[in-house]
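Input: a single structure, listed below in structure tokens.
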Amino acid sequence: MFASNTIKYLGHKGYSYDKKLDQNINFTHLTITFMSKPVIEIKDIIKHYEVGTQVVKALRGVTVQINKGEYVAIMGPSGSGKSTLMNVIGALDTPSGGQYILNGTDVSHLTDEKLAEIRNKEIGFVFQTFNLLPRYTAQENVMLPLIYAGVSKPDRIERASQVINKVGLQERASHKPNEMSGGQRQRVAVARALVNNPSIILADEPTGNLDTKTSVDIMRLFGDIHASGNTIILVTHEEDIAQHAHRIIRLRDGVVESDIVNKEVVVLQ
Ligand SMILES: Nc1ncnc2c1ncn2[C@@H]1O[C@H](COP(=O)(O)OP(=O)(O)OP(=O)(O)O)[C@@H](O)[C@H]1O
Ligand SMILES: [Mg+2]
């Protein structure tokens, strides 16, 4: 099924060439991806918002299963329910109906407190607008999730420094968000998402506010994070950003319109 897949490699100078997917390393990766257990099992999820007398049916029965180590892009027109679905997957919001099993636990009807605990442990978020605290330095922003997780201060400093190094921002650790470029801010947000070692990274339009070159840097970072074993789910409007993912789910009017294996994965080097 995957034998005819091609991988598109993009060089640093923007040139690209195709390569047949005939290397064991890639098969190994796909095998791991498809044999592992589901981290996310969404069954017939419904989400209704009541606004005055009106009911908005944002999700109208979505069923999706995502396995450990997958790299999934969610696409679809504005208003199709992408962010709503991400909020449900990220346990930021509870569905109006259906079942959600996260890492084997049914989280559909948990209390807010229990949801927050699961969220903090299992999920790292990256948003379009970075959502950093303006008065805190990069290092302090990255350390925040560890405070909620009850990690000691020396360990917080150590772990935050490690992920800041990982995203290549060691020289900006003491800078505040307004002293950094958009791409650097987003890298801080990625570091913050990684610091708790979550099983899942959720990113809602992570390159939506970035120029093309900076978007490529962020996508390279996501590629590295995925290669080190994380599950990534990314919402995007842009086809070329979605081509980094191994699977593309398209929503329309609150339902899954298509769910396909991406046959032309772009790998940045
Ligand atoms: N808090 C809310 N209260 C009421 N309606 C909402 C709320 N959040 C979303 N909606 C509605 O639910 C539908 C789905 O919204 P959602 O934000 O999930 O779309 P989206 O696919 O992420 O769109 P975009 O690409 O513009 O970000 C829309 O019709 C939206 O107006
Ligand atoms: Mg959205």
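Ligands are numbered from 1 in the order shown, residues from 1 within each chain, and chains are lettered A, B, ... in the order they appear in the structure tokens.
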Closest pair table for chain A residues within 7 Å of ligand 1, only C-alpha atoms and all ligand atoms, as a tab-separated table:
```
residue	atom	partner	partner_atom_place_in_ligand_line	distance
A:Tyr49	CA	ligand 1	4 (C)	4.8
A:Glu50	CA	ligand 1	4 (C)	6.4
A:Val51	CA	ligand 1	4 (C)	5.9
A:Val56	CA	ligand 1	5 (N)	5.8
A:Lys57	CA	ligand 1	12 (O)	6.6
A:Ala58	CA	ligand 1	12 (O)	4.1
A:Gly76	CA	ligand 1	21 (O)	6.3
A:Pro77	CA	ligand 1	25 (O)	5.8
A:Ser78	CA	ligand 1	25 (O)	3.4
A:Gly79	CA	ligand 1	19 (O)	3.4
A:Ser80	CA	ligand 1	21 (O)	3.9
A:Gly81	CA	ligand 1	18 (O)	3.2
A:Lys82	CA	ligand 1	21 (O)	3.8
A:Ser83	CA	ligand 1	22 (O)	3.7
A:Thr84	CA	ligand 1	18 (O)	3.7
A:Leu85	CA	ligand 1	18 (O)	6.4
A:His237	CA	ligand 1	25 (O)	6.9
```
Store the residues picked out above in a file with N, CA and C atoms, as a PDB file, in the first residue's frame.
```pdb
ATOM      1  N   TYR A  49     -23.155  24.561  20.289  1.00  0.00           N
ATOM      2  CA  TYR A  49     -23.034  25.791  21.075  1.00  0.00           C
ATOM      3  C   TYR A  49     -24.390  26.467  21.076  1.00  0.00           C
ATOM      4  N   GLU A  50     -24.830  26.886  22.239  1.00  0.00           N
ATOM      5  CA  GLU A  50     -26.080  27.644  22.291  1.00  0.00           C
ATOM      6  C   GLU A  50     -25.756  29.128  22.382  1.00  0.00           C
ATOM      7  N   VAL A  51     -26.234  29.872  21.398  1.00  0.00           N
ATOM      8  CA  VAL A  51     -26.021  31.313  21.395  1.00  0.00           C
ATOM      9  C   VAL A  51     -27.398  31.960  21.348  1.00  0.00           C
ATOM     10  N   VAL A  56     -25.702  26.310  17.448  1.00  0.00           N
ATOM     11  CA  VAL A  56     -24.717  26.101  16.387  1.00  0.00           C
ATOM     12  C   VAL A  56     -24.193  24.680  16.502  1.00  0.00           C
ATOM     13  N   LYS A  57     -24.363  23.912  15.421  1.00  0.00           N
ATOM     14  CA  LYS A  57     -23.901  22.518  15.445  1.00  0.00           C
ATOM     15  C   LYS A  57     -22.486  22.463  14.864  1.00  0.00           C
ATOM     16  N   ALA A  58     -21.496  22.675  15.743  1.00  0.00           N
ATOM     17  CA  ALA A  58     -20.111  22.786  15.273  1.00  0.00           C
ATOM     18  C   ALA A  58     -19.539  21.430  14.877  1.00  0.00           C
ATOM     19  N   GLY A  76      -9.878  22.029   6.297  1.00  0.00           N
ATOM     20  CA  GLY A  76     -11.311  22.261   6.068  1.00  0.00           C
ATOM     21  C   GLY A  76     -11.593  23.752   6.062  1.00  0.00           C
ATOM     22  N   PRO A  77     -12.718  24.151   5.454  1.00  0.00           N
ATOM     23  CA  PRO A  77     -13.046  25.568   5.363  1.00  0.00           C
ATOM     24  C   PRO A  77     -13.232  26.215   6.737  1.00  0.00           C
ATOM     25  N   SER A  78     -13.164  27.535   6.764  1.00  0.00           N
ATOM     26  CA  SER A  78     -13.422  28.282   7.990  1.00  0.00           C
ATOM     27  C   SER A  78     -14.819  27.923   8.514  1.00  0.00           C
ATOM     28  N   GLY A  79     -14.899  27.643   9.804  1.00  0.00           N
ATOM     29  CA  GLY A  79     -16.189  27.314  10.405  1.00  0.00           C
ATOM     30  C   GLY A  79     -16.561  25.841  10.308  1.00  0.00           C
ATOM     31  N   SER A  80     -15.669  25.018   9.749  1.00  0.00           N
ATOM     32  CA  SER A  80     -16.012  23.590   9.567  1.00  0.00           C
ATOM     33  C   SER A  80     -15.863  22.779  10.850  1.00  0.00           C
ATOM     34  N   GLY A  81     -15.284  23.368  11.905  1.00  0.00           N
ATOM     35  CA  GLY A  81     -15.218  22.678  13.192  1.00  0.00           C
ATOM     36  C   GLY A  81     -13.824  22.236  13.612  1.00  0.00           C
ATOM     37  N   LYS A  82     -12.786  22.707  12.917  1.00  0.00           N
ATOM     38  CA  LYS A  82     -11.409  22.269  13.203  1.00  0.00           C
ATOM     39  C   LYS A  82     -10.980  22.622  14.628  1.00  0.00           C
ATOM     40  N   SER A  83     -11.147  23.896  14.994  1.00  0.00           N
ATOM     41  CA  SER A  83     -10.707  24.318  16.336  1.00  0.00           C
ATOM     42  C   SER A  83     -11.573  23.662  17.405  1.00  0.00           C
ATOM     43  N   THR A  84     -12.861  23.515  17.114  1.00  0.00           N
ATOM     44  CA  THR A  84     -13.754  22.854  18.065  1.00  0.00           C
ATOM     45  C   THR A  84     -13.262  21.431  18.320  1.00  0.00           C
ATOM     46  N   LEU A  85     -12.908  20.734  17.246  1.00  0.00           N
ATOM     47  CA  LEU A  85     -12.417  19.363  17.393  1.00  0.00           C
ATOM     48  C   LEU A  85     -11.105  19.343  18.187  1.00  0.00           C
ATOM     49  N   HIS A 237      -4.753  25.775   7.173  1.00  0.00           N
ATOM     50  CA  HIS A 237      -5.488  26.125   5.960  1.00  0.00           C
ATOM     51  C   HIS A 237      -4.627  25.874   4.727  1.00  0.00           C
TER      52      HIS A 237
END
```
Inset, instruction - List every residue of range 53-208 of chain A that DSSP, applied to the backbone, labels as strand (DSSP E or B), and write the result as a VMD selection string. - result: chain A and resid 54 to 67 71 to 75 97 to 102 105 to 106 123 to 127 200 to 204
Inset, instruction - For Arg135 in chain A, work out the shell of residues within 10 Å, counting only C-alpha atoms and skipping chain neighbours fewer than 3 positions away, then give it as number ranges by chain. - result: A: 132, 138, 140-141, 175-178
Selected residues, N, CA and C atoms, written as a short mmCIF file (atom, residue, chain, number, x, y, z; two decimals), in the first residue's frame, please.
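Contents of the output file result.cif:
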```cif
data_model
loop_
_atom_site.label_atom_id
_atom_site.label_comp_id
_atom_site.auth_asym_id
_atom_site.auth_seq_id
_atom_site.Cartn_x
_atom_site.Cartn_y
_atom_site.Cartn_z
N LEU A 132 1.74 33.56 24.63
CA LEU A 132 2.77 33.65 25.68
C LEU A 132 2.39 34.76 26.65
N ALA A 138 11.20 34.12 28.01
CA ALA A 138 11.00 32.85 27.29
C ALA A 138 11.13 31.69 28.28
N GLU A 140 10.76 31.65 31.52
CA GLU A 140 9.65 31.59 32.49
C GLU A 140 8.36 31.08 31.83
N ASN A 141 8.12 31.51 30.58
CA ASN A 141 6.94 31.01 29.88
C ASN A 141 7.00 29.49 29.72
N HIS A 175 14.83 36.69 27.12
CA HIS A 175 14.08 37.74 26.42
C HIS A 175 12.58 37.58 26.67
N LYS A 176 11.87 38.70 26.67
CA LYS A 176 10.42 38.66 26.77
C LYS A 176 9.83 38.57 25.36
N PRO A 177 8.55 38.12 25.24
CA PRO A 177 7.98 37.92 23.90
C PRO A 177 8.12 39.12 22.97
N ASN A 178 7.93 40.36 23.51
CA ASN A 178 8.00 41.53 22.60
C ASN A 178 9.44 41.85 22.17
#
```
Inset, instruction - Using DSSP on the backbone coordinates, identify the residues of range 12-254 of chain A assigned to helix (DSSP H, G or I); present them as JSON, numbers by chain. - result: {"A": [24, 25, 26, 27, 28, 29, 30, 31, 32, 33, 34, 35, 82, 83, 84, 85, 86, 87, 88, 89, 112, 113, 114, 115, 116, 117, 118, 119, 120, 121, 122, 138, 139, 140, 141, 142, 143, 144, 145, 146, 147, 148, 153, 154, 155, 156, 157, 158, 159, 160, 161, 162, 163, 164, 165, 166, 170, 171, 172, 177, 178, 179, 182, 183, 184, 185, 186, 187, 188, 189, 190, 191, 192, 193, 194, 212, 213, 214, 215, 216, 217, 218, 219, 220, 221, 222, 223, 224, 225, 226, 227, 239, 240, 241, 242]}
Residues at most 7 Å from Val39 in chain A, counting only C-alpha atoms, excluding those fewer than 2 positions away in the same chain, as a tab-separated table (two decimals) with C-alpha atoms, in the first residue's frame?
```tsv
chain	number	residue	atom	x	y	z
A	37	LYS	CA	-2.20	1.59	20.06
A	41	GLU	CA	-10.45	7.43	19.99
A	66	ILE	CA	-5.31	8.40	15.95
A	67	ASN	CA	-2.43	6.11	16.86
A	68	LYS	CA	0.71	6.84	18.81
A	102	LEU	CA	-7.65	9.41	25.51
A	103	ASN	CA	-4.83	6.94	26.13
```
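The protein and nucleic acid residues lying at most 12 Å from Arg159 in chain A are Gln139, Glu140, Val142, Met143, Leu144, Pro145, Leu146, Ile147, Val151, Ser152, Lys153, Pro154, Ile164, Asn165, Lys166, Ala191, Arg192, Leu194, Val195, Asn196 and Asn197 of chain A, with only C-alpha atoms considered and sequence neighbours fewer than 5 positions away removed.
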Inset, instruction - May I ask which of the residues A:Pro198, A:Gly182, A:Pro206, A:Gly98 is the closest one to ligand 2, counting only C-alpha atoms and all ligand atoms? - result: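 For ligand 2, the nearest of the candidates is A:Pro206.
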Legend entry - Residues within 9 Å of Gly223 in chain A, only C-alpha atoms, excluding chain neighbours under 4 positions, as a list in words: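 Result of the neighbour search: Tyr71, Ile218, Met219, Ala227, Ser228, His244, Ala245, Val267 and Leu268 of chain A.
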Non-local contacts of Asp93 in chain A (12 Å; only C-alpha atoms; under 2 positions in same chain excluded) as a PDB file with N, CA and C atoms, in the first residue's frame:
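Resulting contents of around.pdb:
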```
ATOM      1  N   ILE A  45     -18.611  12.114  17.983  1.00  0.00           N
ATOM      2  CA  ILE A  45     -18.567  13.326  18.814  1.00  0.00           C
ATOM      3  C   ILE A  45     -19.445  14.428  18.220  1.00  0.00           C
ATOM      4  N   ILE A  46     -20.255  14.991  19.105  1.00  0.00           N
ATOM      5  CA  ILE A  46     -21.146  16.094  18.738  1.00  0.00           C
ATOM      6  C   ILE A  46     -20.789  17.272  19.620  1.00  0.00           C
ATOM      7  N   LYS A  47     -20.747  18.467  19.036  1.00  0.00           N
ATOM      8  CA  LYS A  47     -20.584  19.661  19.865  1.00  0.00           C
ATOM      9  C   LYS A  47     -21.553  20.733  19.391  1.00  0.00           C
ATOM     10  N   HIS A  48     -22.443  21.118  20.287  1.00  0.00           N
ATOM     11  CA  HIS A  48     -23.401  22.188  19.994  1.00  0.00           C
ATOM     12  C   HIS A  48     -23.086  23.384  20.871  1.00  0.00           C
ATOM     13  N   TYR A  49     -23.155  24.561  20.289  1.00  0.00           N
ATOM     14  CA  TYR A  49     -23.034  25.791  21.075  1.00  0.00           C
ATOM     15  C   TYR A  49     -24.390  26.467  21.076  1.00  0.00           C
ATOM     16  N   SER A  83     -11.147  23.896  14.994  1.00  0.00           N
ATOM     17  CA  SER A  83     -10.707  24.318  16.336  1.00  0.00           C
ATOM     18  C   SER A  83     -11.573  23.662  17.405  1.00  0.00           C
ATOM     19  N   THR A  84     -12.861  23.515  17.114  1.00  0.00           N
ATOM     20  CA  THR A  84     -13.754  22.854  18.065  1.00  0.00           C
ATOM     21  C   THR A  84     -13.262  21.431  18.320  1.00  0.00           C
ATOM     22  N   LEU A  85     -12.908  20.734  17.246  1.00  0.00           N
ATOM     23  CA  LEU A  85     -12.417  19.363  17.393  1.00  0.00           C
ATOM     24  C   LEU A  85     -11.105  19.343  18.187  1.00  0.00           C
ATOM     25  N   MET A  86     -10.216  20.298  17.889  1.00  0.00           N
ATOM     26  CA  MET A  86      -8.940  20.366  18.629  1.00  0.00           C
ATOM     27  C   MET A  86      -9.196  20.632  20.109  1.00  0.00           C
ATOM     28  N   ASN A  87     -10.159  21.486  20.402  1.00  0.00           N
ATOM     29  CA  ASN A  87     -10.462  21.781  21.808  1.00  0.00           C
ATOM     30  C   ASN A  87     -10.990  20.552  22.533  1.00  0.00           C
ATOM     31  N   VAL A  88     -11.776  19.746  21.816  1.00  0.00           N
ATOM     32  CA  VAL A  88     -12.269  18.504  22.422  1.00  0.00           C
ATOM     33  C   VAL A  88     -11.095  17.541  22.610  1.00  0.00           C
ATOM     34  N   ILE A  89     -10.286  17.364  21.556  1.00  0.00           N
ATOM     35  CA  ILE A  89      -9.144  16.436  21.646  1.00  0.00           C
ATOM     36  C   ILE A  89      -8.209  16.876  22.773  1.00  0.00           C
ATOM     37  N   GLY A  90      -8.023  18.183  22.906  1.00  0.00           N
ATOM     38  CA  GLY A  90      -7.118  18.719  23.919  1.00  0.00           C
ATOM     39  C   GLY A  90      -7.729  18.827  25.303  1.00  0.00           C
ATOM     40  N   ALA A  91      -8.939  18.322  25.467  1.00  0.00           N
ATOM     41  CA  ALA A  91      -9.646  18.360  26.757  1.00  0.00           C
ATOM     42  C   ALA A  91      -9.796  19.789  27.280  1.00  0.00           C
ATOM     43  N   PRO A  95     -17.421  17.514  24.894  1.00  0.00           N
ATOM     44  CA  PRO A  95     -18.388  17.389  23.803  1.00  0.00           C
ATOM     45  C   PRO A  95     -19.824  17.367  24.324  1.00  0.00           C
ATOM     46  N   SER A  96     -20.792  17.669  23.448  1.00  0.00           N
ATOM     47  CA  SER A  96     -22.210  17.593  23.836  1.00  0.00           C
ATOM     48  C   SER A  96     -22.707  16.161  23.737  1.00  0.00           C
ATOM     49  N   GLY A  97     -22.014  15.328  22.973  1.00  0.00           N
ATOM     50  CA  GLY A  97     -22.417  13.933  22.833  1.00  0.00           C
ATOM     51  C   GLY A  97     -21.281  13.128  22.242  1.00  0.00           C
ATOM     52  N   TYR A 100     -15.106  10.045  24.027  1.00  0.00           N
ATOM     53  CA  TYR A 100     -13.709  10.362  23.764  1.00  0.00           C
ATOM     54  C   TYR A 100     -12.829   9.565  24.709  1.00  0.00           C
ATOM     55  N   VAL A 107     -12.653  10.125  28.726  1.00  0.00           N
ATOM     56  CA  VAL A 107     -12.621  11.467  29.306  1.00  0.00           C
ATOM     57  C   VAL A 107     -13.868  12.279  28.945  1.00  0.00           C
ATOM     58  N   SER A 108     -14.871  11.611  28.352  1.00  0.00           N
ATOM     59  CA  SER A 108     -16.048  12.346  27.850  1.00  0.00           C
ATOM     60  C   SER A 108     -16.789  13.096  28.950  1.00  0.00           C
ATOM     61  N   HIS A 109     -16.812  12.543  30.153  1.00  0.00           N
ATOM     62  CA  HIS A 109     -17.657  13.148  31.183  1.00  0.00           C
ATOM     63  C   HIS A 109     -16.894  13.466  32.470  1.00  0.00           C
ATOM     64  N   LEU A 110     -15.604  13.767  32.344  1.00  0.00           N
ATOM     65  CA  LEU A 110     -14.824  14.050  33.556  1.00  0.00           C
ATOM     66  C   LEU A 110     -15.086  15.469  34.062  1.00  0.00           C
ATOM     67  N   THR A 111     -14.782  15.698  35.328  1.00  0.00           N
ATOM     68  CA  THR A 111     -14.908  17.056  35.890  1.00  0.00           C
ATOM     69  C   THR A 111     -13.815  17.943  35.289  1.00  0.00           C
ATOM     70  N   ASP A 112     -14.006  19.253  35.397  1.00  0.00           N
ATOM     71  CA  ASP A 112     -13.021  20.201  34.866  1.00  0.00           C
ATOM     72  C   ASP A 112     -11.653  19.992  35.501  1.00  0.00           C
ATOM     73  N   LEU A 115     -10.039  16.936  34.062  1.00  0.00           N
ATOM     74  CA  LEU A 115      -9.645  17.233  32.682  1.00  0.00           C
ATOM     75  C   LEU A 115      -8.352  18.034  32.656  1.00  0.00           C
ATOM     76  N   ALA A 116      -8.256  19.016  33.558  1.00  0.00           N
ATOM     77  CA  ALA A 116      -7.066  19.871  33.606  1.00  0.00           C
ATOM     78  C   ALA A 116      -5.829  19.032  33.929  1.00  0.00           C
ATOM     79  N   ARG A 119      -4.948  16.986  30.861  1.00  0.00           N
ATOM     80  CA  ARG A 119      -4.446  17.911  29.836  1.00  0.00           C
ATOM     81  C   ARG A 119      -2.987  18.262  30.115  1.00  0.00           C
TER      82      ARG A 119
END
```
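Nearest residue to ligand 2 among A:Thr137, A:Gln65, A:Gln128, A:Thr94 is A:Gln128, counting only C-alpha atoms and all ligand atoms.
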Inset, instruction - Could you check which of A:Val216, A:Val62, A:Val190, A:Leu251 is closest to ligand 2, using only C-alpha atoms and all ligand atoms? - result: A:Leu251
